[in-house]
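> For reference, the file upload.cif (mmCIF, C-alpha atoms and all ligand atoms) is included below:
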data_protein
#
loop_
_atom_site.label_atom_id
_atom_site.label_comp_id
_atom_site.auth_asym_id
_atom_site.auth_seq_id
_atom_site.Cartn_x
_atom_site.Cartn_y
_atom_site.Cartn_z
CA MET M 1443 190.58 53.13 89.28
CA ALA M 1444 187.61 52.42 87.04
CA SER M 1445 184.47 51.14 88.71
CA ILE M 1446 181.08 50.22 87.28
CA GLU M 1447 178.14 52.20 88.59
CA LEU M 1448 175.18 49.86 88.81
CA SER M 1449 172.58 52.60 88.99
CA LEU M 1450 172.13 55.87 87.18
CA THR M 1451 172.91 59.17 88.88
CA GLU M 1452 170.17 61.75 89.22
CA GLU M 1453 171.69 63.70 86.31
CA GLN M 1454 171.72 60.60 84.13
CA ARG M 1455 168.09 59.89 84.96
CA ALA M 1456 167.20 63.45 84.03
CA LEU M 1457 169.15 63.09 80.79
CA ARG M 1458 167.26 59.92 79.91
CA ALA M 1459 163.93 61.51 80.80
CA GLY M 1460 164.73 64.48 78.56
CA VAL M 1461 165.54 62.23 75.60
CA LEU M 1462 162.42 60.13 76.20
CA GLU M 1463 160.33 63.30 76.22
CA ILE M 1464 161.56 64.11 72.71
CA CYS M 1465 161.17 60.50 71.56
CA LYS M 1466 157.52 60.50 72.65
CA ARG M 1467 156.86 63.18 70.06
CA TYR M 1468 158.13 60.76 67.37
CA PRO M 1469 155.98 57.65 67.80
CA ALA M 1470 156.12 54.37 65.89
CA GLU M 1471 154.04 55.82 63.03
CA TYR M 1472 156.72 58.44 62.37
CA TRP M 1473 159.52 55.86 62.05
CA ARG M 1474 157.31 53.43 60.12
CA ASP M 1475 156.35 56.04 57.58
CA LEU M 1476 159.98 57.12 57.05
CA ASP M 1477 161.01 53.49 56.75
CA THR M 1478 158.49 52.89 53.97
CA ARG M 1479 159.71 55.95 52.11
CA ARG M 1480 163.38 55.41 53.07
CA GLU M 1481 163.59 58.98 54.26
CA TYR M 1482 165.86 60.53 56.86
CA PRO M 1483 164.32 61.44 60.25
CA GLU M 1484 165.21 65.08 59.66
CA LYS M 1485 162.76 66.55 62.17
CA PHE M 1486 163.78 64.18 64.94
CA VAL M 1487 167.52 64.69 64.42
CA THR M 1488 167.08 68.47 64.28
CA GLU M 1489 165.14 68.50 67.55
CA LEU M 1490 167.66 66.20 69.23
CA THR M 1491 170.51 68.41 68.03
CA GLN M 1492 168.86 71.64 69.12
CA ALA M 1493 168.32 70.17 72.57
CA GLY M 1494 172.09 69.57 72.67
CA TYR M 1495 171.97 65.78 72.96
CA LEU M 1496 174.22 65.06 69.99
CA ALA M 1497 176.87 67.37 71.42
CA VAL M 1498 177.20 65.79 74.83
CA LEU M 1499 180.71 64.51 74.09
CA ILE M 1500 181.97 67.89 72.86
CA PRO M 1501 183.87 69.66 75.66
CA GLN M 1502 182.22 72.73 77.14
CA GLU M 1503 184.94 75.05 75.84
CA TYR M 1504 183.79 74.14 72.31
CA GLY M 1505 180.11 74.55 73.07
CA GLY M 1506 179.14 71.00 74.06
CA ALA M 1507 178.03 69.51 77.37
CA GLY M 1508 181.37 67.83 78.10
CA LEU M 1509 179.74 64.65 79.36
CA GLY M 1510 181.09 61.11 79.14
CA ILE M 1511 180.62 58.03 76.97
CA ARG M 1512 178.09 56.54 79.42
CA GLU M 1513 175.80 59.54 78.97
CA ALA M 1514 176.25 59.42 75.20
CA GLY M 1515 175.40 55.71 75.25
CA LEU M 1516 172.37 56.36 77.41
CA ILE M 1517 171.02 58.81 74.82
CA LEU M 1518 171.38 56.32 71.95
CA GLU M 1519 170.01 53.45 74.01
CA THR M 1520 166.97 55.53 74.94
CA ILE M 1521 166.24 56.42 71.32
CA ASN M 1522 166.28 52.76 70.25
CA TYR M 1523 164.38 51.66 73.34
CA SER M 1524 161.65 54.15 72.50
CA GLY M 1525 161.17 52.53 69.07
CA GLY M 1526 163.29 54.96 67.05
CA ASN M 1527 166.59 54.41 65.28
CA ALA M 1528 169.66 56.21 66.60
CA ALA M 1529 171.63 55.10 63.53
CA ALA M 1530 170.39 58.29 61.89
CA CYS M 1531 172.58 60.36 64.17
CA HIS M 1532 174.93 58.21 66.28
CA ALA M 1533 177.96 58.66 64.03
CA GLN M 1534 178.45 62.31 64.91
CA MET M 1535 179.18 61.30 68.48
CA TYR M 1536 182.10 59.08 67.58
CA ILE M 1537 183.35 60.80 64.42
CA MET M 1538 183.99 64.08 66.14
CA GLY M 1539 186.25 62.25 68.64
CA THR M 1540 188.89 62.03 65.88
CA VAL M 1541 188.80 65.81 65.46
CA LEU M 1542 188.93 66.31 69.21
CA ARG M 1543 191.91 64.02 69.74
CA HIS M 1544 193.93 64.70 66.59
CA GLY M 1545 192.59 67.86 64.98
CA SER M 1546 194.43 71.18 65.17
CA GLU M 1547 193.17 73.87 67.53
CA GLU M 1548 192.08 75.79 64.43
CA GLN M 1549 189.98 72.83 63.20
CA LYS M 1550 188.39 72.37 66.63
CA ARG M 1551 187.50 76.07 66.89
CA ARG M 1552 186.19 76.15 63.34
CA TYR M 1553 184.01 73.04 63.52
CA LEU M 1554 183.14 71.88 67.02
CA PRO M 1555 181.07 74.89 68.20
CA LYS M 1556 179.05 74.78 64.97
CA ILE M 1557 178.56 71.03 65.28
CA ALA M 1558 177.38 71.61 68.86
CA THR M 1559 174.72 74.13 67.80
CA GLY M 1560 173.68 72.07 64.80
CA GLU M 1561 174.80 74.72 62.31
CA LEU M 1562 177.04 72.02 60.85
CA ARG M 1563 176.39 68.29 60.76
CA LEU M 1564 179.22 65.78 60.82
CA GLN M 1565 177.42 62.51 60.17
CA ALA M 1566 179.41 61.05 57.26
CA PHE M 1567 182.39 58.79 57.80
CA GLY M 1568 184.03 57.35 54.67
CA VAL M 1569 186.14 54.25 55.22
CA THR M 1570 184.65 51.16 53.52
CA GLU M 1571 185.51 50.45 49.88
CA PRO M 1572 184.21 47.84 47.46
CA ASN M 1573 187.61 46.24 46.86
CA SER M 1574 188.92 46.22 50.42
CA GLY M 1575 185.91 45.82 52.77
CA SER M 1576 187.00 44.91 56.29
CA ASP M 1577 190.66 44.94 55.20
CA THR M 1578 190.94 48.71 55.67
CA THR M 1579 194.66 49.11 54.98
CA LYS M 1580 194.05 47.87 51.41
CA LEU M 1581 191.75 50.76 50.58
CA GLN M 1582 192.44 52.27 47.18
CA THR M 1583 191.14 55.83 47.41
CA THR M 1584 194.08 58.19 47.04
CA ALA M 1585 194.63 61.78 48.15
CA VAL M 1586 197.57 63.46 46.41
CA ARG M 1587 198.91 66.80 47.63
CA LYS M 1588 198.99 69.47 44.89
CA GLY M 1589 200.02 72.84 46.34
CA ASP M 1590 197.35 74.01 48.76
CA ARG M 1591 194.94 71.17 47.85
CA TYR M 1592 194.62 67.41 47.99
CA VAL M 1593 193.21 65.72 44.89
CA VAL M 1594 191.09 62.70 45.80
CA ASN M 1595 190.29 59.80 43.46
CA GLY M 1596 188.59 56.49 44.14
CA GLN M 1597 185.34 55.18 45.52
CA LYS M 1598 183.64 54.20 48.76
CA ILE M 1599 180.67 51.98 49.47
CA PHE M 1600 177.96 51.99 52.17
CA ILE M 1601 178.77 55.49 53.36
CA SER M 1602 175.80 56.62 55.41
CA ARG M 1603 174.11 60.01 55.88
CA VAL M 1604 176.24 61.81 53.25
CA LEU M 1605 173.24 63.68 51.85
CA GLN M 1606 172.20 64.71 55.37
CA SER M 1607 175.66 65.88 56.45
CA ASP M 1608 177.63 69.08 55.85
CA LEU M 1609 180.99 67.57 56.70
CA MET M 1610 182.71 64.27 56.05
CA LEU M 1611 185.59 62.49 57.69
CA LEU M 1612 187.44 60.51 55.03
CA LEU M 1613 190.21 57.92 55.18
CA ALA M 1614 192.38 57.83 52.05
CA ARG M 1615 195.85 56.70 51.07
CA THR M 1616 198.40 59.51 50.78
CA THR M 1617 201.47 57.31 50.25
CA PRO M 1618 201.30 54.24 47.98
CA VAL M 1619 201.36 51.00 49.92
CA ASP M 1620 204.60 49.85 48.21
CA GLN M 1621 206.40 52.94 49.57
CA VAL M 1622 205.58 52.47 53.27
CA LYS M 1623 207.21 50.26 55.90
CA ARG M 1624 203.93 49.00 57.38
CA LYS M 1625 200.68 48.76 55.46
CA THR M 1626 199.03 50.79 58.24
CA ASP M 1627 201.28 53.75 57.35
CA GLY M 1628 200.48 56.18 54.57
CA LEU M 1629 196.75 56.50 55.26
CA SER M 1630 195.41 59.93 56.19
CA VAL M 1631 192.24 61.37 57.63
CA PHE M 1632 190.56 64.44 56.16
CA LEU M 1633 187.72 66.57 57.46
CA PHE M 1634 186.00 68.77 54.90
CA ASP M 1635 182.83 70.45 53.80
CA ILE M 1636 180.99 68.31 51.23
CA ARG M 1637 178.34 70.82 50.27
CA LYS M 1638 178.65 71.70 46.59
CA LEU M 1639 181.96 69.89 46.36
CA LYS M 1640 183.02 69.27 42.76
CA GLY M 1641 184.19 65.77 41.82
CA LEU M 1642 182.03 64.01 44.42
CA GLU M 1643 179.21 61.81 43.16
CA VAL M 1644 176.77 60.34 45.69
CA ARG M 1645 174.62 57.38 44.62
CA PRO M 1646 172.01 56.41 47.23
CA LEU M 1647 171.58 52.68 47.87
CA ARG M 1648 168.27 51.18 48.88
CA MET M 1649 169.11 48.92 51.81
CA MET M 1650 167.23 46.40 53.94
CA MET M 1651 166.45 49.14 56.43
CA ASN M 1652 166.11 52.92 56.34
CA HIS M 1653 169.76 53.91 56.60
CA SER M 1654 170.55 56.70 54.09
CA THR M 1655 173.53 54.79 52.73
CA ASN M 1656 175.43 55.58 49.54
CA ALA M 1657 178.12 54.64 47.10
CA LEU M 1658 180.58 57.52 46.64
CA PHE M 1659 182.75 58.29 43.64
CA PHE M 1660 185.66 60.73 43.82
CA ASP M 1661 186.78 62.06 40.46
CA ASN M 1662 189.64 64.52 40.95
CA MET M 1663 187.79 65.88 43.97
CA GLU M 1664 189.81 68.80 45.32
CA ILE M 1665 189.81 69.56 49.03
CA PRO M 1666 191.82 72.23 50.84
CA ALA M 1667 195.15 71.03 52.27
CA GLU M 1668 194.02 72.20 55.71
CA SER M 1669 191.40 69.43 55.64
CA LEU M 1670 194.12 67.05 56.79
CA VAL M 1671 193.59 65.94 60.39
CA GLY M 1672 196.81 65.50 62.38
CA VAL M 1673 199.91 64.23 60.63
CA GLU M 1674 199.82 62.93 57.06
CA GLY M 1675 200.20 59.15 56.95
CA ARG M 1676 199.02 58.46 60.49
CA GLY M 1677 195.31 58.32 59.76
CA PHE M 1678 194.88 54.61 60.40
CA SER M 1679 195.95 54.97 64.03
CA TYR M 1680 193.61 57.97 64.44
CA ILE M 1681 190.70 55.86 63.21
CA LEU M 1682 191.71 53.02 65.54
CA ASP M 1683 191.75 55.49 68.45
CA GLY M 1684 188.08 56.17 67.85
CA MET M 1685 187.06 52.51 67.65
CA ASN M 1686 186.49 51.92 71.35
CA ALA M 1687 184.04 54.82 71.59
CA GLU M 1688 182.31 53.62 68.43
CA ARG M 1689 181.95 50.06 69.78
CA ILE M 1690 180.54 51.27 73.12
CA LEU M 1691 178.04 53.56 71.41
CA VAL M 1692 176.91 50.97 68.88
CA ALA M 1693 176.51 48.47 71.75
CA SER M 1694 174.21 51.05 73.35
CA ASP M 1695 172.05 51.19 70.21
CA SER M 1696 171.73 47.40 70.46
CA LEU M 1697 170.85 47.47 74.16
CA GLY M 1698 167.99 49.85 73.40
CA ASP M 1699 166.72 47.57 70.63
CA THR M 1700 166.97 44.54 72.92
CA ARG M 1701 164.89 46.16 75.65
CA TRP M 1702 162.32 47.28 73.10
CA PHE M 1703 161.97 43.70 71.76
CA ILE M 1704 161.75 42.18 75.22
CA GLU M 1705 159.10 44.56 76.51
CA LYS M 1706 157.08 44.15 73.33
CA ALA M 1707 157.41 40.35 73.50
CA VAL M 1708 156.43 40.15 77.18
CA ALA M 1709 153.41 42.39 76.70
CA TYR M 1710 152.21 40.45 73.66
CA SER M 1711 152.73 36.98 75.04
CA ASN M 1712 151.05 37.80 78.36
CA HIS M 1713 148.06 39.09 76.46
CA ARG M 1714 147.64 36.76 73.49
CA VAL M 1715 145.45 33.78 74.42
CA ILE M 1716 145.71 30.64 72.29
CA PHE M 1717 144.62 27.12 73.36
CA GLY M 1718 142.84 28.76 76.28
CA ARG M 1719 145.85 30.40 77.96
CA PRO M 1720 148.36 33.19 77.35
CA ILE M 1721 151.05 32.02 74.94
CA GLY M 1722 153.64 33.28 77.46
CA ALA M 1723 152.66 30.39 79.76
CA ASN M 1724 154.37 28.03 77.30
CA GLN M 1725 158.03 27.40 78.02
CA GLY M 1726 158.77 27.45 74.30
CA VAL M 1727 157.66 31.08 74.20
CA GLN M 1728 158.67 32.23 77.68
CA PHE M 1729 162.19 30.79 77.78
CA ALA M 1730 163.23 32.40 74.51
CA ILE M 1731 162.26 35.80 75.91
CA ALA M 1732 163.88 35.04 79.27
CA LYS M 1733 167.11 33.99 77.49
CA ALA M 1734 167.14 37.26 75.60
CA HIS M 1735 166.74 39.12 78.90
CA VAL M 1736 169.73 37.22 80.34
CA ALA M 1737 171.73 38.20 77.23
CA LEU M 1738 170.65 41.82 77.68
CA GLU M 1739 171.79 41.97 81.28
CA ALA M 1740 175.18 40.47 80.40
CA ALA M 1741 175.62 42.83 77.46
CA ARG M 1742 174.68 45.82 79.59
CA LEU M 1743 177.25 44.93 82.24
CA MET M 1744 179.96 44.60 79.60
CA ARG M 1745 178.95 47.92 78.00
CA ASP M 1746 179.09 49.58 81.40
CA LYS M 1747 182.46 48.01 82.16
CA ALA M 1748 183.86 49.20 78.83
CA ALA M 1749 182.43 52.68 79.43
CA ALA M 1750 183.90 52.84 82.94
CA LEU M 1751 187.36 51.84 81.67
CA PHE M 1752 187.08 54.28 78.76
CA GLU M 1753 186.17 57.13 81.09
CA ALA M 1754 189.04 56.28 83.42
CA GLY M 1755 191.43 56.39 80.45
CA GLU M 1756 192.32 52.72 80.92
CA PRO M 1757 192.74 50.20 78.08
CA CYS M 1758 189.30 48.94 77.07
CA GLY M 1759 189.75 47.40 73.61
CA GLY M 1760 188.67 43.93 74.73
CA GLU M 1761 185.68 45.18 76.70
CA ALA M 1762 184.51 47.63 74.02
CA ASN M 1763 184.67 44.89 71.39
CA MET M 1764 182.92 42.36 73.62
CA ALA M 1765 180.22 44.92 74.45
CA LYS M 1766 179.55 45.47 70.76
CA TYR M 1767 179.43 41.72 70.16
CA LEU M 1768 177.20 40.91 73.14
CA GLY M 1769 174.89 43.85 72.39
CA ALA M 1770 174.41 42.89 68.73
CA GLU M 1771 173.83 39.23 69.60
CA ALA M 1772 171.41 40.09 72.43
CA ALA M 1773 169.37 42.30 70.11
CA TRP M 1774 169.29 39.59 67.48
CA GLU M 1775 168.21 36.99 70.04
CA ALA M 1776 165.53 39.30 71.43
CA GLY M 1777 164.40 40.21 67.91
CA ASN M 1778 163.94 36.55 67.05
CA ALA M 1779 162.06 35.84 70.29
CA CYS M 1780 159.85 38.85 69.63
CA ILE M 1781 159.07 37.95 66.03
CA ASP M 1782 158.45 34.31 67.04
CA CYS M 1783 155.99 35.10 69.83
CA HIS M 1784 154.09 37.47 67.55
CA GLY M 1785 153.46 34.68 65.04
CA GLY M 1786 152.22 36.15 61.78
CA TYR M 1787 151.81 39.60 63.34
CA GLY M 1788 155.59 39.78 63.76
CA TYR M 1789 155.76 40.20 60.00
CA ALA M 1790 153.07 42.87 59.78
CA GLU M 1791 154.49 46.36 59.34
CA GLU M 1792 152.01 47.95 61.72
CA TYR M 1793 153.51 46.01 64.67
CA ASP M 1794 156.99 47.51 64.06
CA VAL M 1795 158.67 44.25 65.07
CA GLU M 1796 159.82 43.49 61.54
CA ARG M 1797 161.23 47.02 61.16
CA LYS M 1798 163.21 46.83 64.39
CA PHE M 1799 164.26 43.29 63.43
CA ARG M 1800 165.75 44.60 60.19
CA GLU M 1801 167.36 47.56 61.94
CA CYS M 1802 169.00 45.59 64.75
CA ARG M 1803 170.52 43.04 62.35
CA LEU M 1804 172.99 45.59 61.04
CA TYR M 1805 175.11 45.57 64.18
CA LYS M 1806 176.18 41.97 63.64
CA THR M 1807 177.83 43.23 60.43
CA ALA M 1808 178.70 46.91 60.84
CA PRO M 1809 180.62 48.98 61.71
CA ILE M 1810 182.63 45.77 62.05
CA ASN M 1811 181.34 42.24 61.70
CA ASN M 1812 181.19 40.02 64.76
CA ASN M 1813 183.69 37.55 63.27
CA LEU M 1814 186.33 40.25 63.38
CA ILE M 1815 185.38 41.03 66.98
CA LEU M 1816 186.08 37.38 67.81
CA ALA M 1817 189.36 37.65 65.89
CA TYR M 1818 190.25 40.66 68.09
CA VAL M 1819 189.42 38.75 71.27
CA GLY M 1820 191.37 35.69 70.10
CA GLU M 1821 194.45 37.69 69.19
CA HIS M 1822 194.53 40.61 71.61
CA VAL M 1823 192.75 39.26 74.68
CA LEU M 1824 193.73 35.58 74.54
CA GLY M 1825 197.14 35.90 72.86
CA MET M 1826 196.34 33.49 70.01
CA PRO M 1827 197.82 33.77 66.47
CA ARG M 1828 196.37 36.40 64.18
CA SER M 1829 193.62 34.61 62.24
CA TYR M 1830 193.55 36.85 59.17
C1 LIG A 1 173.73 49.84 56.35
C2 LIG A 1 175.21 49.99 56.37
C3 LIG A 1 175.77 51.20 56.71
C4 LIG A 1 177.16 51.37 56.69
N1 LIG A 1 177.68 52.62 56.93
C5 LIG A 1 179.03 52.80 56.77
C6 LIG A 1 179.59 54.13 56.88
O1 LIG A 1 178.89 55.09 57.16
N2 LIG A 1 180.92 54.27 56.66
C7 LIG A 1 181.73 53.22 56.33
O2 LIG A 1 182.93 53.43 56.15
N3 LIG A 1 181.23 51.95 56.23
C8 LIG A 1 179.90 51.73 56.43
N4 LIG A 1 179.37 50.46 56.29
C9 LIG A 1 180.24 49.37 55.87
C10 LIG A 1 180.49 48.34 56.94
O3 LIG A 1 181.36 48.85 57.92
C11 LIG A 1 181.04 47.12 56.20
O4 LIG A 1 179.98 46.54 55.48
C12 LIG A 1 181.66 46.13 57.11
O5 LIG A 1 182.81 46.67 57.70
C13 LIG A 1 182.03 44.84 56.37
O6 LIG A 1 182.71 45.11 55.17
P1 LIG A 1 182.21 44.40 53.81
O7 LIG A 1 180.77 44.67 53.67
O8 LIG A 1 183.08 44.79 52.69
O9 LIG A 1 182.39 42.86 54.12
P2 LIG A 1 183.69 41.97 53.85
O10 LIG A 1 184.91 42.60 54.42
O11 LIG A 1 183.70 41.59 52.42
O12 LIG A 1 183.32 40.69 54.72
C14 LIG A 1 182.17 39.89 54.39
C15 LIG A 1 181.95 38.91 55.50
O13 LIG A 1 183.02 37.98 55.53
C16 LIG A 1 183.35 37.64 56.85
N5 LIG A 1 184.79 37.91 57.04
C17 LIG A 1 185.58 38.80 56.38
N6 LIG A 1 186.84 38.73 56.82
C18 LIG A 1 186.86 37.80 57.80
C19 LIG A 1 187.88 37.25 58.64
N7 LIG A 1 189.13 37.65 58.59
N8 LIG A 1 187.52 36.31 59.54
C20 LIG A 1 186.26 35.87 59.62
N9 LIG A 1 185.26 36.33 58.84
C21 LIG A 1 185.56 37.27 57.94
C22 LIG A 1 182.44 38.44 57.77
O14 LIG A 1 181.34 37.66 58.20
C23 LIG A 1 181.95 39.57 56.90
O15 LIG A 1 180.68 40.04 57.29
C24 LIG A 1 177.99 50.27 56.35
C25 LIG A 1 177.42 49.03 56.05
C26 LIG A 1 176.05 48.88 56.04
C27 LIG A 1 175.47 47.54 55.68
#
Represent the structure contained in this file as structure tokens.


Amino acid sequence: MASIELSLTEEQRALRAGVLEICKRYPAEYWRDLDTRREYPEKFVTELTQAGYLAVLIPQEYGGAGLGIREAGLILETINYSGGNAAACHAQMYIMGTVLRHGSEEQKRRYLPKIATGELRLQAFGVTEPNSGSDTTKLQTTAVRKGDRYVVNGQKIFISRVLQSDLMLLLARTTPVDQVKRKTDGLSVFLFDIRKLKGLEVRPLRMMMNHSTNALFFDNMEIPAESLVGVEGRGFSYILDGMNAERILVASDSLGDTRWFIEKAVAYSNHRVIFGRPIGANQGVQFAIAKAHVALEAARLMRDKAAALFEAGEPCGGEANMAKYLGAEAAWEAGNACIDCHGGYGYAEEYDVERKFRECRLYKTAPINNNLILAYVGEHVLGMPRSY
């Protein structure tokens, strides 16, 4: 039976303290400077990897710590709470789940121990395409088997961390949609080395925040046939299997952001004196921050519930989706309260509020937009008609 632990165990506290210790070495100036230059936090990610934190979900037999989703979430939450941005490295935690669940023993032995040590990075996950967007089964990238290779053609958009990753997990169509029974059939997942790969063009995109995101073009890109993960044609279900973990982890990013905003807002509005008293004494300022705190507590409980169900191997689709939704909305609410109470200073780069504000906004849109989360809840939790 799953149950929610309301407090952290001693091990979890130690884990959080260890992550915070690293984060302290990467203060606001570090993230601010990288943000201005749109550069990847290479040093931070390397240190985090070497300390083993990005491998906590990898089982011990493959060189990881073999911990659970709650610990993984705690790590990401701590990074964002400290003022950093876990988006630079969170994907590895949920991408490698696909390999773990559906990869062959050979693939696990080849990749997981090296991912655990940091010798290989798996940070790139290629799903979204310009012509299909959220409608994943309509993706147009094809992978055609030719002897001992697959030949990949097509394009992807908004694929993050490709230039900072050694490996990529890719979703492509292996059987044309008019030759399958269900549109979810005929899609396959591939795991391959992207270093010096011919036929792959990476075009970096400058985004609203520092996110190392790219457009990808595949022009007869050849990958070894053994890149296929699991059974050809079943890739869509493999990706779906990883969604709950992804939602819980992304919710954790948002919880960290929310706490950062709230603490910053409380400190500023207790200290800033206007009209002869701290601005926090005004209900218009105080209640917005208090509301964000209420949203944070609710989102945290839902994240913890989803994590507890996930760990117990029980269905958690509804809870994982709701956690992602509540987390993203709480961060957005807290971000607005924080920027509002800072007045003009909320827009000044040196206060970091505007940077975190831009960073937290992403989770209302990606990896899935909150409208589609509501569509999931309507259809799968409430039993209403499919809305799309
Ligand atoms: C910074 C960044 C990083 C990303 N990194 C990655 C990555 O590493 N890998 C990857 O594969 N993808 C990545 N993405 C893509 C992201 O997952 C998509 O942007 C997202 O899934 C939405 O797809 P879209 O942009 O094509 O929007 P669309 O599908 O075109 O939707 C646009 C908007 O329409 C609304 N909408 C669409 N359909 C419905 C519906 N049925 N009901 C109600 N509303 C609807 C939603 O509000 C949605 O936001 C990233 C995106 C960003 C911005």

> What are the closest atom pairs, with distances in Å to one decimal, for each residue of chain M lying within 7 Å of ligand LIG 1 (chain A), using all atoms listed in the file, rows by chain and rising residue number, as a Markdown table?


| residue | atom | partner | partner_atom | distance |
| --- | --- | --- | --- | --- |
| M:Ala1566 | CA | A:LIG1 | O1 | 6.0 |
| M:Phe1567 | CA | A:LIG1 | N2 | 4.9 |
| M:Gly1568 | CA | A:LIG1 | O2 | 4.3 |
| M:Val1569 | CA | A:LIG1 | O2 | 3.4 |
| M:Thr1570 | CA | A:LIG1 | O2 | 3.9 |
| M:Glu1571 | CA | A:LIG1 | O8 | 6.8 |
| M:Pro1572 | CA | A:LIG1 | O8 | 6.2 |
| M:Ser1574 | CA | A:LIG1 | O8 | 6.4 |
| M:Gly1575 | CA | A:LIG1 | O8 | 3.0 |
| M:Ser1576 | CA | A:LIG1 | O10 | 3.6 |
| M:Asp1577 | CA | A:LIG1 | O10 | 6.3 |
| M:Ile1599 | CA | A:LIG1 | N3 | 6.8 |
| M:Phe1600 | CA | A:LIG1 | C24 | 4.5 |
| M:Ile1601 | CA | A:LIG1 | O1 | 3.8 |
| M:Ser1602 | CA | A:LIG1 | O1 | 3.9 |
| M:Arg1603 | CA | A:LIG1 | O1 | 7.0 |
| M:Met1649 | CA | A:LIG1 | C1 | 6.5 |
| M:His1653 | CA | A:LIG1 | C1 | 5.7 |
| M:Thr1655 | CA | A:LIG1 | C3 | 5.8 |
| M:Leu1804 | CA | A:LIG1 | C27 | 6.2 |
| M:Thr1807 | CA | A:LIG1 | O15 | 5.3 |
| M:Ala1808 | CA | A:LIG1 | O3 | 4.4 |
| M:Pro1809 | CA | A:LIG1 | O3 | 3.9 |
| M:Ile1810 | CA | A:LIG1 | O5 | 4.4 |
| M:Asn1811 | CA | A:LIG1 | O15 | 5.0 |
| M:Asn1812 | CA | A:LIG1 | O14 | 7.0 |
| M:Asn1813 | CA | A:LIG1 | C20 | 4.8 |
| M:Leu1814 | CA | A:LIG1 | N8 | 5.6 |
| M:Ala1817 | CA | A:LIG1 | N8 | 6.7 |
| M:Ser1829 | CA | A:LIG1 | N7 | 6.5 |
| M:Tyr1830 | CA | A:LIG1 | N7 | 4.5 |

> Which residue gives the smallest distance to Leu1496 of chain M among M:Gln1534, M:Gln1597, M:Ser1546, M:Thr1583, with all atoms listed in the file counted?

M:Gln1534

> Any idea what's packed within 12 Å of Asn1662 of chain M, counting only C-alpha atoms, ignoring anything in its chain fewer than 3 positions away? Could you give it as a PDB file with C-alpha atoms, in the coordinates of the input?


ATOM      1  CA  THR M1583     191.140  55.830  47.410  1.00  0.00           C
ATOM      2  CA  THR M1584     194.080  58.190  47.040  1.00  0.00           C
ATOM      3  CA  ALA M1585     194.630  61.780  48.150  1.00  0.00           C
ATOM      4  CA  VAL M1586     197.570  63.460  46.410  1.00  0.00           C
ATOM      5  CA  ARG M1587     198.910  66.800  47.630  1.00  0.00           C
ATOM      6  CA  LYS M1588     198.990  69.470  44.890  1.00  0.00           C
ATOM      7  CA  ARG M1591     194.940  71.170  47.850  1.00  0.00           C
ATOM      8  CA  TYR M1592     194.620  67.410  47.990  1.00  0.00           C
ATOM      9  CA  VAL M1593     193.210  65.720  44.890  1.00  0.00           C
ATOM     10  CA  VAL M1594     191.090  62.700  45.800  1.00  0.00           C
ATOM     11  CA  ASN M1595     190.290  59.800  43.460  1.00  0.00           C
ATOM     12  CA  GLY M1596     188.590  56.490  44.140  1.00  0.00           C
ATOM     13  CA  GLN M1597     185.340  55.180  45.520  1.00  0.00           C
ATOM     14  CA  LEU M1639     181.960  69.890  46.360  1.00  0.00           C
ATOM     15  CA  LYS M1640     183.020  69.270  42.760  1.00  0.00           C
ATOM     16  CA  GLY M1641     184.190  65.770  41.820  1.00  0.00           C
ATOM     17  CA  LEU M1642     182.030  64.010  44.420  1.00  0.00           C
ATOM     18  CA  GLU M1643     179.210  61.810  43.160  1.00  0.00           C
ATOM     19  CA  PHE M1659     182.750  58.290  43.640  1.00  0.00           C
ATOM     20  CA  ILE M1665     189.810  69.560  49.030  1.00  0.00           C
TER      21      ILE M1665
END

> Write out as a tab-separated table a residue-level contact list of segment 1660-1752 of chain M versus segment 1609-1630 of chain M with cut-off 9 Å: for each qualifying residue the closest pair of atoms and the distance in Å to one decimal, counting only C-alpha atoms, rows sorted by chain and residue number upward.


residue	atom	partner	partner_atom	distance
M:Leu1670	CA	M:Ser1630	CA	7.3
M:Val1671	CA	M:Ser1630	CA	7.6
M:Gly1672	CA	M:Ser1630	CA	8.4
M:Val1673	CA	M:Ser1630	CA	7.6
M:Glu1674	CA	M:Ser1630	CA	5.4
M:Gly1675	CA	M:Gly1628	CA	3.8
M:Arg1676	CA	M:Ser1630	CA	5.8
M:Gly1677	CA	M:Ser1630	CA	3.9
M:Phe1678	CA	M:Leu1629	CA	5.8
M:Ser1679	CA	M:Thr1626	CA	7.8
M:Tyr1680	CA	M:Ser1630	CA	8.7
M:Ile1681	CA	M:Leu1613	CA	8.3

> How far is it from atom CA of Tyr1789 of chain M to atom CA of Ala1765 of chain M, in Å with one decimal?

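It comes out at 28.8 Å.
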
> If I take atom CA of Val1819 of chain M and atom CA of Glu1801 of chain M, how far is one from the other in Å, to one decimal?

25.5 Å

> Might you pull out every residue within 9 Å of Val1461 of chain M, with all atoms listed in the file counted and same-chain residues fewer than 4 positions away left off, and present them as a list in words?

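In the requested form, the answer reads Ala1456, Leu1457, Cys1465, Lys1466, Leu1490, Ala1493, Tyr1495, Ile1517, Thr1520 and Ile1521 of chain M.
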
> For a quick check of understanding, using all atoms listed in the file, which of M:Gly1539, M:Gly1777, M:Gly1718, M:Gly1759 has the smallest distance to Val1795 of chain M?

M:Gly1777

> Please report the interatomic distance between atom CA of Ala1687 of chain M and atom CA of Asp1608 of chain M in Å with one decimal.

22.2 Å

> Got a sec to check which residues sit within 8 Å of (177.4, 71.1, 68.7), counting all atoms listed in the file, and write them as an NGL selection string?

:M and (1491 or 1494 or 1496-1497 or 1500 or 1504-1506 or 1554-1562)
